[in-house]
Amino acid sequence: MNCVGYPLTFRHACCSNQHMMAAIRKVVRSYIQVGTDMLVNSRIPLALIAWAGIACFFAPDSAFSQAGGCTMQPVAGASRQVMRCAGGVTITAERGARFSLIDRNRDGRPDAVSLHNKAVLVDVDRARRPDGFEVITPQAIAAVRGTRWAVDVKSGTTSVLVVRGRVAVGRPSGQQRVVLNVGEGVDVTRSGPLTVRRWPPARAAALLARLGQ
C-alpha cells in the first residue's frame with residue numbers, strides 16, 4: 001500500500017493507514033467467520049481495535065519511516081517533524097499540521113503537498129528538482145522551481161512567506177497571480193486582491209519559530 005495522498009499528521013501517516021487498517025480488516029473478517037454471535041459482545045472487536053491503535057502509536061519509527069518516497073525524521077523534544085523526500089525536497093511540518101503528499105506521475109517522488117491546516121516549511125533543491133514543486137491549500141497554490149518558503153493555513157487564510165528564492169502564488173481558480181521575493185509574503189483568501197508585502201521581522205520570526213527556524 002502506498003501512503004502518498006493520505007493525510008499526514010505530526011505522528012506517522014503510514015502507521016495510521018497501514019497498520020491500523022490491517023488490524024481493522026482482521027476484525028471485519030472475524031465478524032464474517034464467527035457470525036452474529038460475536039455482535040452480542042462488542043468488547044472483543046473493540047479491544048482488538050484499541051490494541052492496534054496503541055501498538056501503532058508506540059511502534060518504533062523505523063517500522064514506518066518511509067512514506068511515498070519520503071523519510072520521516074522526528075526531531076526529539078521539538079514540536080515539528082522533518083520529511084526528506086526523493087528529488088531534493090525537504091518538508092518541515094508544524095505539530096498538528098494536516099497535509100497530503102501528491103505524486104501525480106507516480107514516479108515515487110512527490111511533486112506537491114496539499115496543506116489543510118497549520119504550517120509547513122518547504123525547501124526545494126532546484127538542481128535536483130528542475131520541474132518544480134507546489135504547496136496547494138484551499139485558498140492558494142504556491143509554486144516554485146527551487147527555493148525555501150513557508151505556508152500557513154488558518155481561519156480561511158493562506159499566508160506565504162519566502163525565505164529564499166522566488167515563489168509564484170495564485171488561487172486554484174487561476175485568477176490573479178503574484179511573485180514573491182525573499183522576505184515578502186502574501187495573505188490569500190477566497191476573494192479580494194493579492195497584495196504583496198514585506199513582512200515585519202517579528203511576524204516572519206514568529207512563523208519560522210513554529211517550524212524550528
# chains A, B, ... in the order shown; residues from 1 in each chain; ligands from 1

call {"tool": "residues_around", "arguments": {"residues": "A:Ser114", "least_positions_apart": "5", "cutoff": "6 Å", "atoms": "only C-alpha atoms", "output": "list in words"}}
result
Phe99, Ser100, Val135, Ile136 and Thr137 of chain A

call {"tool": "select_by_dssp", "arguments": {"residues": "stretch 54-194 of chain A", "states": "helix (DSSP H, G or I)", "output": "mmCIF file with C-alpha atoms, in the first residue's frame"}}
result
data_model
loop_
_atom_site.group_PDB
_atom_site.id
_atom_site.type_symbol
_atom_site.label_atom_id
_atom_site.label_comp_id
_atom_site.auth_asym_id
_atom_site.auth_seq_id
_atom_site.Cartn_x
_atom_site.Cartn_y
_atom_site.Cartn_z
ATOM 1 C CA ILE A 54 -1.822 1.584 20.824
ATOM 2 C CA ALA A 55 0.652 -0.694 19.075
ATOM 3 C CA CYS A 56 0.667 1.603 16.065
ATOM 4 C CA PHE A 57 1.249 4.776 18.069
ATOM 5 C CA PHE A 58 4.138 3.407 20.091
ATOM 6 C CA ASP A 61 9.974 4.943 13.946
ATOM 7 C CA SER A 62 11.871 2.524 11.710
ATOM 8 C CA ALA A 63 8.745 0.443 11.257
ATOM 9 C CA PHE A 64 7.113 3.133 9.158
#

call {"tool": "atom_distance", "arguments": {"atom1": "atom CA of A:Val182", "atom2": "atom CA of A:Arg98"}}
result
25.9 Å

call {"tool": "residues_around", "arguments": {"residues": "stretch 142-152 of chain A", "least_positions_apart": "3", "cutoff": "6 Å", "atoms": "only C-alpha atoms", "output": "PyMOL selection string"}}
result
chain A and resi 118-126+130+132-135+158-165+167-169

call {"tool": "closest_residue", "arguments": {"among": "A:Val196, A:Gly69, A:Lys154, A:Val75", "to": "A:Ile102", "atoms": "only C-alpha atoms"}}
result
A:Gly69

call {"tool": "atom_distance", "arguments": {"atom1": "atom CA of A:Thr157", "atom2": "atom CA of A:Thr189"}}
result
4.9 Å

call {"tool": "closest_residue", "arguments": {"among": "A:Ala202, A:Ala140, A:Gly212, A:Arg129", "to": "A:Arg177", "atoms": "only C-alpha atoms"}}
result
A:Ala140

call {"tool": "residues_around", "arguments": {"residues": "A:Arg84", "least_positions_apart": "3", "cutoff": "8 Å", "atoms": "only C-alpha atoms", "output": "list in words"}}
result
Cys70, Thr71, Met72, Gln73, Gly88, Val89, Thr90 and Ile91 of chain A

call {"tool": "write_last_selection", "arguments": {"atoms": "C-alpha atoms", "output": "PDB file, in the first residue's frame"}}
result
ATOM      1  CA  CYS A  70       9.973  10.440   1.815  1.00  0.00           C
ATOM      2  CA  THR A  71      11.803   9.550   5.005  1.00  0.00           C
ATOM      3  CA  MET A  72      10.235  10.826   8.216  1.00  0.00           C
ATOM      4  CA  GLN A  73      12.714  12.264  10.687  1.00  0.00           C
ATOM      5  CA  GLY A  88      15.774  17.162  -3.178  1.00  0.00           C
ATOM      6  CA  VAL A  89      12.615  18.197  -1.302  1.00  0.00           C
ATOM      7  CA  THR A  90      12.557  18.693   2.482  1.00  0.00           C
ATOM      8  CA  ILE A  91       9.285  19.368   4.297  1.00  0.00           C
TER       9      ILE A  91
END

call {"tool": "atom_distance", "arguments": {"atom1": "atom CA of A:Gln81", "atom2": "atom CA of A:Arg203"}}
result
21.8 Å

call {"tool": "select_by_dssp", "arguments": {"residues": "stretch 78-189 of chain A", "states": "strand (DSSP E or B)", "output": "number ranges by chain"}}
result
A: 80-85, 89-94, 98-102, 112-124, 133-136, 141-144, 148-154, 157-164, 167-170, 177-180, 184-188
